[in-house]
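What follows is input.cif (mmCIF, C-alpha atoms).
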```cif
data_model
#
loop_
_atom_site.group_PDB
_atom_site.id
_atom_site.type_symbol
_atom_site.label_atom_id
_atom_site.label_comp_id
_atom_site.auth_asym_id
_atom_site.auth_seq_id
_atom_site.Cartn_x
_atom_site.Cartn_y
_atom_site.Cartn_z
ATOM 1 C CA MET A 1495 97.952 90.844 87.234
ATOM 2 C CA GLU A 1496 97.112 90.432 90.893
ATOM 3 C CA GLY A 1497 97.370 86.768 91.814
ATOM 4 C CA GLY A 1498 94.923 86.490 94.650
ATOM 5 C CA CYS A 1499 95.452 88.021 98.072
ATOM 6 C CA CYS A 1500 96.007 87.130 101.666
ATOM 7 C CA SER A 1501 93.313 85.184 103.471
ATOM 8 C CA THR A 1502 90.274 87.120 104.688
ATOM 9 C CA SER A 1503 92.019 87.374 108.059
ATOM 10 C CA GLY A 1504 95.067 88.958 106.406
ATOM 11 C CA ARG A 1505 97.340 86.014 107.174
ATOM 12 C CA VAL A 1506 100.142 84.574 105.047
ATOM 13 C CA TYR A 1507 100.675 80.817 104.782
ATOM 14 C CA HIS A 1508 104.233 79.514 105.192
ATOM 15 C CA GLU A 1509 105.728 76.039 105.647
ATOM 16 C CA THR A 1510 109.151 75.299 107.105
ATOM 17 C CA GLN A 1511 111.428 72.632 105.676
ATOM 18 C CA VAL A 1512 110.788 68.958 106.452
ATOM 19 C CA MET A 1513 113.342 66.485 105.065
ATOM 20 C CA SER A 1514 113.421 66.882 101.241
ATOM 21 C CA MET A 1515 109.840 68.084 100.859
ATOM 22 C CA CYS A 1516 110.657 71.551 99.510
ATOM 23 C CA GLY A 1517 108.643 70.794 96.357
ATOM 24 C CA VAL A 1518 105.553 70.286 98.509
ATOM 25 C CA HIS A 1519 106.277 73.448 100.539
ATOM 26 C CA CYS A 1520 106.835 75.393 97.326
ATOM 27 C CA LEU A 1521 103.437 74.456 95.872
ATOM 28 C CA ASN A 1522 101.494 74.940 99.093
ATOM 29 C CA THR A 1523 102.925 78.394 99.758
ATOM 30 C CA LEU A 1524 102.385 79.316 96.107
ATOM 31 C CA LEU A 1525 98.734 78.282 96.325
ATOM 32 C CA GLN A 1526 98.396 79.607 99.899
ATOM 33 C CA ALA A 1527 96.686 76.415 100.959
ATOM 34 C CA ASN A 1528 97.484 73.011 102.397
ATOM 35 C CA ALA A 1529 96.872 71.597 98.924
ATOM 36 C CA PHE A 1530 99.448 68.806 98.423
ATOM 37 C CA ASN A 1531 101.526 66.348 100.396
ATOM 38 C CA GLU A 1532 104.444 64.151 99.397
ATOM 39 C CA VAL A 1533 102.164 61.224 98.508
ATOM 40 C CA ASP A 1534 100.209 63.378 96.044
ATOM 41 C CA LEU A 1535 103.371 64.484 94.248
ATOM 42 C CA ALA A 1536 104.845 60.988 94.276
ATOM 43 C CA GLN A 1537 101.719 59.696 92.496
ATOM 44 C CA ILE A 1538 102.051 62.419 89.872
ATOM 45 C CA ALA A 1539 105.738 61.560 89.419
ATOM 46 C CA HIS A 1540 104.989 57.861 88.916
ATOM 47 C CA GLU A 1541 102.244 58.712 86.412
ATOM 48 C CA LEU A 1542 104.709 60.851 84.438
ATOM 49 C CA ASP A 1543 107.207 57.962 84.552
ATOM 50 C CA ARG A 1544 104.546 55.631 83.139
ATOM 51 C CA ARG A 1545 103.742 58.009 80.267
ATOM 52 C CA GLU A 1546 107.422 58.406 79.434
ATOM 53 C CA ARG A 1547 107.904 54.620 79.388
ATOM 54 C CA GLU A 1548 105.015 54.272 76.951
ATOM 55 C CA VAL A 1549 106.588 56.827 74.618
ATOM 56 C CA MET A 1550 109.981 55.119 74.807
ATOM 57 C CA ALA A 1551 108.370 51.701 74.225
ATOM 58 C CA GLU A 1552 107.106 52.869 70.854
ATOM 59 C CA GLY A 1553 110.640 52.344 69.573
ATOM 60 C CA GLY A 1554 110.583 48.741 70.817
ATOM 61 C CA ILE A 1555 110.963 47.369 74.324
ATOM 62 C CA THR A 1556 114.180 45.635 73.305
ATOM 63 C CA SER A 1557 115.758 48.761 71.871
ATOM 64 C CA GLU A 1558 118.903 50.119 73.491
ATOM 65 C CA ASP A 1559 117.253 53.454 74.280
ATOM 66 C CA TYR A 1560 114.306 51.801 76.018
ATOM 67 C CA LEU A 1561 116.506 49.479 78.074
ATOM 68 C CA LYS A 1562 118.679 52.411 79.156
ATOM 69 C CA PHE A 1563 115.581 54.403 80.081
ATOM 70 C CA VAL A 1564 113.989 51.721 82.272
ATOM 71 C CA ALA A 1565 117.347 50.964 83.933
ATOM 72 C CA ALA A 1566 117.898 54.597 84.897
ATOM 73 C CA ASP A 1567 116.460 56.288 87.974
ATOM 74 C CA SER A 1568 113.275 58.295 87.650
ATOM 75 C CA GLN A 1569 113.789 61.829 86.346
ATOM 76 C CA ASN A 1570 110.651 62.980 88.158
ATOM 77 C CA VAL A 1571 111.313 61.960 91.750
ATOM 78 C CA SER A 1572 114.532 60.963 93.499
ATOM 79 C CA ASP A 1573 114.952 58.394 96.238
ATOM 80 C CA GLU A 1574 115.181 61.305 98.701
ATOM 81 C CA GLY A 1575 111.799 62.665 97.600
ATOM 82 C CA ASN A 1576 112.925 65.576 95.414
ATOM 83 C CA PHE A 1577 110.527 66.366 92.576
ATOM 84 C CA SER A 1578 111.117 67.735 89.071
ATOM 85 C CA ILE A 1579 109.615 70.867 87.550
ATOM 86 C CA GLN A 1580 107.486 68.551 85.395
ATOM 87 C CA VAL A 1581 105.830 67.198 88.563
ATOM 88 C CA LEU A 1582 105.215 70.681 89.956
ATOM 89 C CA ALA A 1583 103.832 71.873 86.611
ATOM 90 C CA GLU A 1584 101.519 68.856 86.351
ATOM 91 C CA ALA A 1585 100.196 69.512 89.858
ATOM 92 C CA LEU A 1586 99.558 73.175 89.027
ATOM 93 C CA LYS A 1587 97.455 72.218 85.992
ATOM 94 C CA MET A 1588 94.686 71.458 88.494
ATOM 95 C CA TYR A 1589 94.644 75.187 89.284
ATOM 96 C CA SER A 1590 95.028 76.362 85.654
ATOM 97 C CA VAL A 1591 98.379 78.031 86.274
ATOM 98 C CA THR A 1592 101.668 77.326 84.505
ATOM 99 C CA PRO A 1593 105.334 77.916 85.405
ATOM 100 C CA LYS A 1594 107.301 79.411 82.500
ATOM 101 C CA PRO A 1595 111.068 80.099 82.380
ATOM 102 C CA TRP A 1596 111.962 83.638 83.470
ATOM 103 C CA ARG A 1597 115.006 85.275 81.886
ATOM 104 C CA ASN A 1598 117.229 87.445 84.028
ATOM 105 C CA GLY A 1599 116.783 91.075 83.063
ATOM 106 C CA GLN A 1600 113.149 90.835 81.989
ATOM 107 C CA SER A 1601 111.446 94.092 82.850
ATOM 108 C CA GLU A 1602 108.939 94.847 85.603
ATOM 109 C CA PRO A 1603 108.934 91.586 87.561
ATOM 110 C CA HIS A 1604 106.794 93.331 90.211
ATOM 111 C CA LEU A 1605 103.848 93.197 87.781
ATOM 112 C CA GLN A 1606 103.857 89.384 87.926
ATOM 113 C CA SER A 1607 102.005 87.281 90.492
ATOM 114 C CA ALA A 1608 104.599 84.761 91.634
ATOM 115 C CA PHE A 1609 107.915 83.064 90.942
ATOM 116 C CA ILE A 1610 109.189 79.546 91.579
ATOM 117 C CA CYS A 1611 112.924 79.289 92.175
ATOM 118 C CA ASN A 1612 115.144 76.214 92.033
ATOM 119 C CA LEU A 1613 118.776 75.468 92.753
ATOM 120 C CA ARG A 1614 119.774 71.843 92.385
ATOM 121 C CA GLU A 1615 117.267 70.080 94.673
ATOM 122 C CA HIS A 1616 115.702 73.025 96.495
ATOM 123 C CA TRP A 1617 112.466 74.760 95.489
ATOM 124 C CA PHE A 1618 110.839 77.851 96.958
ATOM 125 C CA THR A 1619 108.164 80.418 96.114
ATOM 126 C CA ILE A 1620 108.133 84.211 95.908
ATOM 127 C CA ARG A 1621 104.551 85.470 95.748
ATOM 128 C CA ARG A 1622 102.632 88.721 95.741
ATOM 129 C CA LEU A 1623 99.822 88.771 98.288
ATOM 130 C CA GLY A 1624 97.556 91.757 98.777
ATOM 131 C CA GLY A 1625 100.008 93.997 96.911
ATOM 132 C CA GLN A 1626 102.971 92.890 99.045
ATOM 133 C CA TRP A 1627 105.717 90.523 97.867
ATOM 134 C CA TYR A 1628 106.826 87.698 100.179
ATOM 135 C CA ASN A 1629 109.768 85.315 100.076
ATOM 136 C CA LEU A 1630 108.219 82.021 101.193
ATOM 137 C CA ASN A 1631 111.405 79.953 101.296
ATOM 138 C CA SER A 1632 110.868 76.935 103.529
ATOM 139 C CA LEU A 1633 114.449 77.255 104.808
ATOM 140 C CA ALA A 1634 113.381 80.463 106.578
ATOM 141 C CA SER A 1635 111.360 80.321 109.774
ATOM 142 C CA THR A 1636 108.875 82.995 108.673
ATOM 143 C CA PRO A 1637 107.633 84.712 105.506
ATOM 144 C CA GLU A 1638 109.929 87.581 104.543
ATOM 145 C CA LYS A 1639 108.640 90.786 102.944
ATOM 146 C CA ILE A 1640 110.233 91.979 99.703
ATOM 147 C CA THR A 1641 109.734 95.457 98.251
ATOM 148 C CA ASP A 1642 109.012 95.981 94.551
ATOM 149 C CA PHE A 1643 112.409 97.691 94.253
ATOM 150 C CA TYR A 1644 114.309 94.829 95.897
ATOM 151 C CA LEU A 1645 112.440 92.109 93.967
ATOM 152 C CA SER A 1646 114.272 92.810 90.703
ATOM 153 C CA ALA A 1647 117.656 92.896 92.451
ATOM 154 C CA TYR A 1648 116.846 89.697 94.352
ATOM 155 C CA LEU A 1649 115.886 87.809 91.187
ATOM 156 C CA GLY A 1650 119.110 89.033 89.586
ATOM 157 C CA GLN A 1651 121.066 87.793 92.581
ATOM 158 C CA LEU A 1652 119.410 84.379 92.369
ATOM 159 C CA SER A 1653 120.249 84.159 88.661
ATOM 160 C CA THR A 1654 123.872 84.996 89.451
ATOM 161 C CA GLU A 1655 123.849 82.181 92.000
ATOM 162 C CA LYS A 1656 122.679 79.822 89.204
ATOM 163 C CA TYR A 1657 119.081 79.467 90.330
ATOM 164 C CA THR A 1658 116.533 78.543 87.681
ATOM 165 C CA ILE A 1659 113.548 80.884 87.928
ATOM 166 C CA PHE A 1660 110.012 80.305 86.657
ATOM 167 C CA VAL A 1661 107.313 82.946 86.462
ATOM 168 C CA VAL A 1662 103.845 81.616 87.302
ATOM 169 C CA GLU A 1663 101.282 82.516 84.632
ATOM 170 C CA GLY A 1664 97.554 82.336 85.144
ATOM 171 C CA ARG A 1665 95.275 83.511 87.919
ATOM 172 C CA LEU A 1666 96.339 82.044 91.225
ATOM 173 C CA PRO A 1667 93.566 81.058 93.628
ATOM 174 C CA LEU A 1668 92.661 83.035 96.709
ATOM 175 C CA SER A 1669 94.224 81.919 99.970
ATOM 176 C CA ASP A 1670 92.375 79.017 101.555
ATOM 177 C CA GLU A 1671 92.825 79.204 105.304
ATOM 178 C CA ALA A 1672 89.893 76.838 105.714
ATOM 179 C CA ALA A 1673 92.101 74.043 104.309
ATOM 180 C CA GLY A 1674 94.109 74.225 107.508
ATOM 181 C CA SER A 1675 97.869 73.747 107.538
ATOM 182 C CA SER A 1676 100.416 70.966 107.385
ATOM 183 C CA GLU A 1677 102.440 69.952 110.433
ATOM 184 C CA SER A 1678 105.165 72.413 109.432
ATOM 185 C CA GLY A 1679 102.736 75.099 108.226
ATOM 186 C CA HIS A 1680 101.492 78.249 109.922
ATOM 187 C CA TRP A 1681 99.230 81.155 108.999
ATOM 188 C CA TRP A 1682 101.182 84.275 109.926
ATOM 189 C CA THR A 1683 99.699 87.642 110.862
ATOM 190 C CA GLU A 1684 101.593 90.863 110.161
ATOM 191 C CA GLU A 1685 102.126 91.338 113.904
ATOM 192 C CA GLU A 1686 103.579 87.840 114.294
ATOM 193 C CA MET A 1687 105.981 88.362 111.401
ATOM 194 C CA GLU A 1688 107.184 91.672 112.853
ATOM 195 C CA ARG A 1689 107.668 90.193 116.334
ATOM 196 C CA ALA A 1690 109.583 87.243 114.885
ATOM 197 C CA LYS A 1691 111.804 89.605 112.882
ATOM 198 C CA GLN A 1692 112.590 91.708 115.947
ATOM 199 C CA ALA A 1693 113.250 88.615 118.071
ATOM 200 C CA LYS A 1694 115.623 87.239 115.442
ATOM 201 C CA ALA A 1695 117.539 90.524 115.303
ATOM 202 C CA THR A 1696 117.765 90.618 119.103
ATOM 203 C CA GLN A 1697 118.990 87.027 119.361
ATOM 204 C CA SER A 1698 121.605 87.448 116.659
ATOM 205 C CA GLY A 1699 122.679 90.792 118.055
ATOM 206 C CA THR A 1700 123.090 92.149 114.542
ATOM 207 C CA PRO A 1701 120.942 94.636 112.606
ATOM 208 C CA ASP A 1702 119.645 93.972 109.116
ATOM 209 C CA ALA A 1703 121.917 94.380 106.093
ATOM 210 C CA PHE A 1704 120.734 97.885 105.260
ATOM 211 C CA SER A 1705 121.258 99.148 108.806
ATOM 212 C CA SER A 1706 124.705 97.558 108.915
ATOM 213 C CA ALA A 1707 125.713 99.168 105.622
ATOM 214 C CA LEU A 1708 124.406 102.557 106.768
ATOM 215 C CA THR A 1709 126.228 102.325 110.107
ATOM 216 C CA THR A 1710 129.506 101.427 108.388
ATOM 217 C CA THR A 1711 129.150 104.330 105.985
ATOM 218 C CA LEU A 1712 128.473 106.837 108.764
ATOM 219 C CA HIS A 1713 131.422 105.575 110.800
ATOM 220 C CA ASN A 1714 133.707 105.867 107.795
ATOM 221 C CA MET A 1715 132.523 109.414 107.121
ATOM 222 C CA GLN A 1716 133.009 110.307 110.764
ATOM 223 C CA ASP A 1717 136.553 108.902 110.766
ATOM 224 C CA MET A 1718 137.484 110.635 107.518
ATOM 225 C CA PHE A 1719 136.267 114.085 108.531
ATOM 226 C CA SER A 1720 137.595 113.700 112.064
ATOM 227 C CA ASN A 1721 141.082 113.098 110.673
ATOM 228 C CA VAL A 1722 140.689 116.030 108.275
ATOM 229 C CA GLY A 1723 139.570 118.317 111.098
ATOM 230 C CA THR A 1724 142.529 117.345 113.277
ATOM 231 C CA ASN A 1725 145.036 118.014 110.520
ATOM 232 C CA VAL A 1726 143.488 121.364 109.593
ATOM 233 C CA THR A 1727 143.394 122.491 113.231
ATOM 234 C CA GLN A 1728 147.053 121.620 113.649
ATOM 235 C CA ALA A 1729 147.908 123.402 110.401
ATOM 236 C CA LEU A 1730 146.046 126.576 111.335
ATOM 237 C CA ARG A 1731 147.651 126.623 114.778
ATOM 238 C CA HIS A 1732 151.028 126.232 113.141
ATOM 239 C CA LEU A 1733 150.348 129.164 110.807
ATOM 240 C CA GLN A 1734 149.297 131.569 113.559
ATOM 241 C CA PRO A 1735 151.510 134.707 113.891
ATOM 242 C CA GLY A 1736 154.461 134.051 116.088
ATOM 243 C CA SER A 1737 154.490 130.341 115.463
ATOM 244 C CA GLY A 1738 157.863 130.671 113.808
ATOM 245 C CA ALA A 1739 156.839 128.570 110.836
ATOM 246 C CA THR A 1740 159.069 128.853 107.817
ATOM 247 C CA GLY A 1741 158.069 128.597 104.174
ATOM 248 C CA ASP A 1742 159.552 125.105 103.985
ATOM 249 C CA GLU A 1743 157.584 124.018 107.049
ATOM 250 C CA ASP A 1744 154.384 125.416 105.546
ATOM 251 C CA ALA A 1745 155.012 123.394 102.415
ATOM 252 C CA ASP A 1746 155.670 120.290 104.494
ATOM 253 C CA LEU A 1747 152.419 120.823 106.380
ATOM 254 C CA GLN A 1748 150.393 121.149 103.201
ATOM 255 C CA ALA A 1749 152.050 118.015 101.821
ATOM 256 C CA ALA A 1750 151.203 116.159 105.019
ATOM 257 C CA ILE A 1751 147.559 117.206 104.794
ATOM 258 C CA GLN A 1752 147.432 116.151 101.159
ATOM 259 C CA ALA A 1753 148.918 112.774 102.080
ATOM 260 C CA SER A 1754 146.466 112.340 104.956
ATOM 261 C CA LEU A 1755 143.476 113.127 102.756
ATOM 262 C CA GLY A 1756 144.737 110.898 99.972
ATOM 263 C CA GLU A 1757 145.435 107.975 102.274
ATOM 264 C CA GLY A 1758 144.271 104.757 100.696
ATOM 265 C CA GLN A 1759 144.135 106.113 97.130
ATOM 266 C CA GLY A 1760 144.424 103.247 94.694
ATOM 267 C CA THR A 1761 143.457 100.771 97.408
ATOM 268 C CA VAL A 1762 140.569 100.213 99.772
ATOM 269 C CA THR A 1763 141.591 100.351 103.402
ATOM 270 C CA GLU A 1764 140.153 97.530 105.474
ATOM 271 C CA GLY A 1765 136.916 98.563 107.166
ATOM 272 C CA ARG A 1766 136.358 101.555 104.857
ATOM 273 C CA ASN A 1767 133.549 101.895 102.360
ATOM 274 C CA PRO A 1768 134.966 102.114 98.788
ATOM 275 C CA ALA A 1769 131.931 104.150 97.753
ATOM 276 C CA TYR A 1770 133.719 107.368 98.755
ATOM 277 C CA GLY A 1771 136.200 106.986 95.892
ATOM 278 C CA THR A 1772 139.478 108.859 95.574
ATOM 279 C CA ALA A 1773 138.102 111.692 93.446
ATOM 280 C CA SER A 1774 136.101 113.189 96.325
ATOM 281 C CA GLN A 1775 139.137 112.962 98.588
ATOM 282 C CA ARG A 1776 141.278 114.797 96.042
ATOM 283 C CA ASP A 1777 138.638 117.517 95.670
ATOM 284 C CA LEU A 1778 138.503 117.961 99.423
ATOM 285 C CA ALA A 1779 142.292 118.068 99.647
ATOM 286 C CA GLN A 1780 142.484 120.735 96.947
ATOM 287 C CA ALA A 1781 139.829 122.827 98.698
ATOM 288 C CA LEU A 1782 141.690 122.619 102.006
ATOM 289 C CA ALA A 1783 144.990 123.533 100.361
ATOM 290 C CA ALA A 1784 143.357 126.568 98.743
ATOM 291 C CA SER A 1785 141.853 127.606 102.073
ATOM 292 C CA LEU A 1786 145.242 127.347 103.757
ATOM 293 C CA GLU A 1787 146.824 129.470 101.042
ATOM 294 C CA GLU A 1788 144.103 132.120 101.438
ATOM 295 C CA PHE A 1789 144.564 132.069 105.209
ATOM 296 C CA LYS A 1790 148.297 132.665 104.833
ATOM 297 C CA GLU A 1791 147.714 135.579 102.466
ATOM 298 C CA ASN A 1792 145.296 137.186 104.909
ATOM 299 C CA GLN A 1793 147.808 136.772 107.721
ATOM 300 C CA GLU A 1794 150.510 138.434 105.635
ATOM 301 C CA GLN A 1795 148.242 141.399 104.873
ATOM 302 C CA GLU A 1796 147.461 141.889 108.574
ATOM 303 C CA ARG A 1797 151.136 142.036 109.558
#
```

The structure given in the file should be rewritten as structure tokens.
Amino acid sequence: MEGGCCSTSGRVYHETQVMSMCGVHCLNTLLQANAFNEVDLAQIAHELDRREREVMAEGGITSEDYLKFVAADSQNVSDEGNFSIQVLAEALKMYSVTPKPWRNGQSEPHLQSAFICNLREHWFTIRRLGGQWYNLNSLASTPEKITDFYLSAYLGQLSTEKYTIFVVEGRLPLSDEAAGSSESGHWWTEEEMERAKQAKATQSGTPDAFSSALTTTLHNMQDMFSNVGTNVTQALRHLQPGSGATGDEDADLQAAIQASLGEGQGTVTEGRNPAYGTASQRDLAQALAASLEEFKENQEQER
């Protein structure tokens, strides 16, 4: 179900990290509004603490369990200002939406509206806006687009990294640009996001991960076939009439080509992409050996 869209201006709201306020950033980017601040969530946390104390007191305020409970730190807010999922869920009740645990491997995550992700004391939101998924992590300087295809892989990666993931159920509100922004918040246009992405790539001097992987693959292919071409050229020159090559030398040449093509079998040479595999190299080596044998036969027939 579509969970709202971008603001009427087409902008995406994002907040960057301030101290330990990721819980606040997570909720505000989820709701696409400057909806909460740290004081609001602290009040909710203290109210949850009060309710929990009342429940524990039912067993007697002198009981061991109650005394341990009141002596312990709050489970809803830490001294550093980190908030629990119970606090975030209580805040979201005001908007009639609920975070529910998401199991890794659940199908079609792209049909959901949003996810809340947590690792230890960091919270961030992934939300669909206007049909486009965005990673709204406050540790990033800008919103980051995520494709439907990559979303599933990204959630799987987060699960592998021990993140706890919650899917947000219920109809999320429309973006509220009229609510303004926090001191660390900004309403991003598509053009601003693209310029920021290009500037970041220019400053770092490195392309994105896909471009890097593609470049490495092409270089590896170029190196492999360049080496093959050199060996074949040398072999053909050696087999030309009048070269004086003997049968033993021909056999040595073919063995050398086989060894060159099979270089790195069983291991992955540093800087090479293991995706080629050894099977394709063996097939290529066999094809070249057959071609050399056919070439020799043709030369013999012409003599």

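Computed from the coordinates, the CA of Trp1596 in chain A to CA of Ser1635 in chain A distance equals 26.5 Å.
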
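Taking CA of Ala1647 in chain A as the reference point, CA of Leu1605 in chain A is found at 14.6 Å.
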
Q: Counting only C-alpha atoms, find the residues whose atoms lie at most 10 Å from (110.3, 73.9, 93.9) (file coordinates) and write them out as a ChimeraX atom specification.
A: /A:1515-1521,1524,1576-1579,1581-1583,1609-1619,1631,1658-1660

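In this structure, CA of Val1661 in chain A sits 5.3 Å away from CA of Lys1594 in chain A.
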
Q: Please evaluate the PyMOL selection byres ((chain A and resi 1620) around 6) against the displayed coordinates and give the resulting residues as an MDAnalysis selection string.
A: chainID A and resid 1608:1609 1619 1621 1628:1630

Q. Once the PyMOL selection byres ((chain A and resi 1535-1537) around 9) has been applied to the shown file, what residues remain in the selection, as a PyMOL selection string?
A. chain A and resi 1517-1518+1530-1534+1538-1542+1570-1571+1575+1577+1581-1582+1585

Those residues you just picked out, can you put them in a file as a short mmCIF file (atom, residue, chain, number, x, y, z; two decimals), in the frame of the given file with C-alpha atoms?
```cif
data_model
loop_
_atom_site.label_atom_id
_atom_site.label_comp_id
_atom_site.auth_asym_id
_atom_site.auth_seq_id
_atom_site.Cartn_x
_atom_site.Cartn_y
_atom_site.Cartn_z
CA GLY A 1517 108.64 70.79 96.36
CA VAL A 1518 105.55 70.29 98.51
CA PHE A 1530 99.45 68.81 98.42
CA ASN A 1531 101.53 66.35 100.40
CA GLU A 1532 104.44 64.15 99.40
CA VAL A 1533 102.16 61.22 98.51
CA ASP A 1534 100.21 63.38 96.04
CA ILE A 1538 102.05 62.42 89.87
CA ALA A 1539 105.74 61.56 89.42
CA HIS A 1540 104.99 57.86 88.92
CA GLU A 1541 102.24 58.71 86.41
CA LEU A 1542 104.71 60.85 84.44
CA ASN A 1570 110.65 62.98 88.16
CA VAL A 1571 111.31 61.96 91.75
CA GLY A 1575 111.80 62.66 97.60
CA PHE A 1577 110.53 66.37 92.58
CA VAL A 1581 105.83 67.20 88.56
CA LEU A 1582 105.22 70.68 89.96
CA ALA A 1585 100.20 69.51 89.86
#
```

Could you complete range 1579-1598 of chain A so that it carries N, CA and C atoms, and give it back as a tab-separated table (two decimals), in the coordinates of the input?
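This went into rebuild.tsv:
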```tsv
chain	number	residue	atom	x	y	z
A	1579	ILE	N	110.52	69.80	87.94
A	1579	ILE	CA	109.62	70.87	87.55
A	1579	ILE	C	108.42	70.31	86.80
A	1580	GLN	N	108.61	69.17	86.11
A	1580	GLN	CA	107.49	68.55	85.40
A	1580	GLN	C	106.39	68.12	86.38
A	1581	VAL	N	106.81	67.61	87.55
A	1581	VAL	CA	105.83	67.20	88.56
A	1581	VAL	C	105.09	68.41	89.11
A	1582	LEU	N	105.85	69.47	89.42
A	1582	LEU	CA	105.22	70.68	89.96
A	1582	LEU	C	104.26	71.29	88.93
A	1583	ALA	N	104.68	71.31	87.66
A	1583	ALA	CA	103.83	71.87	86.61
A	1583	ALA	C	102.56	71.05	86.43
A	1584	GLU	N	102.69	69.73	86.50
A	1584	GLU	CA	101.52	68.86	86.35
A	1584	GLU	C	100.54	69.08	87.50
A	1585	ALA	N	101.06	69.25	88.70
A	1585	ALA	CA	100.20	69.51	89.86
A	1585	ALA	C	99.47	70.84	89.70
A	1586	LEU	N	100.15	71.84	89.16
A	1586	LEU	CA	99.56	73.18	89.03
A	1586	LEU	C	98.51	73.24	87.93
A	1587	LYS	N	98.49	72.25	87.03
A	1587	LYS	CA	97.46	72.22	85.99
A	1587	LYS	C	96.06	72.15	86.62
A	1588	MET	N	95.97	71.56	87.80
A	1588	MET	CA	94.69	71.46	88.49
A	1588	MET	C	94.14	72.84	88.86
A	1589	TYR	N	95.04	73.82	88.91
A	1589	TYR	CA	94.64	75.19	89.28
A	1589	TYR	C	94.75	76.15	88.10
A	1590	SER	N	94.97	75.58	86.91
A	1590	SER	CA	95.03	76.36	85.65
A	1590	SER	C	96.10	77.44	85.67
A	1591	VAL	N	97.23	77.13	86.31
A	1591	VAL	CA	98.38	78.03	86.27
A	1591	VAL	C	99.59	77.25	85.77
A	1592	THR	N	100.54	77.98	85.16
A	1592	THR	CA	101.67	77.33	84.50
A	1592	THR	C	102.97	78.03	84.83
A	1593	PRO	N	104.02	77.30	85.23
A	1593	PRO	CA	105.33	77.92	85.40
A	1593	PRO	C	106.06	78.01	84.07
A	1594	LYS	N	106.55	79.20	83.73
A	1594	LYS	CA	107.30	79.41	82.50
A	1594	LYS	C	108.69	79.96	82.84
A	1595	PRO	N	109.72	79.59	82.09
A	1595	PRO	CA	111.07	80.10	82.38
A	1595	PRO	C	111.11	81.63	82.37
A	1596	TRP	N	111.79	82.19	83.35
A	1596	TRP	CA	111.96	83.64	83.47
A	1596	TRP	C	113.42	83.98	83.18
A	1597	ARG	N	113.65	84.88	82.25
A	1597	ARG	CA	115.01	85.28	81.89
A	1597	ARG	C	115.46	86.45	82.74
A	1598	ASN	N	116.67	86.36	83.24
A	1598	ASN	CA	117.23	87.44	84.03
A	1598	ASN	C	117.26	88.72	83.19
```
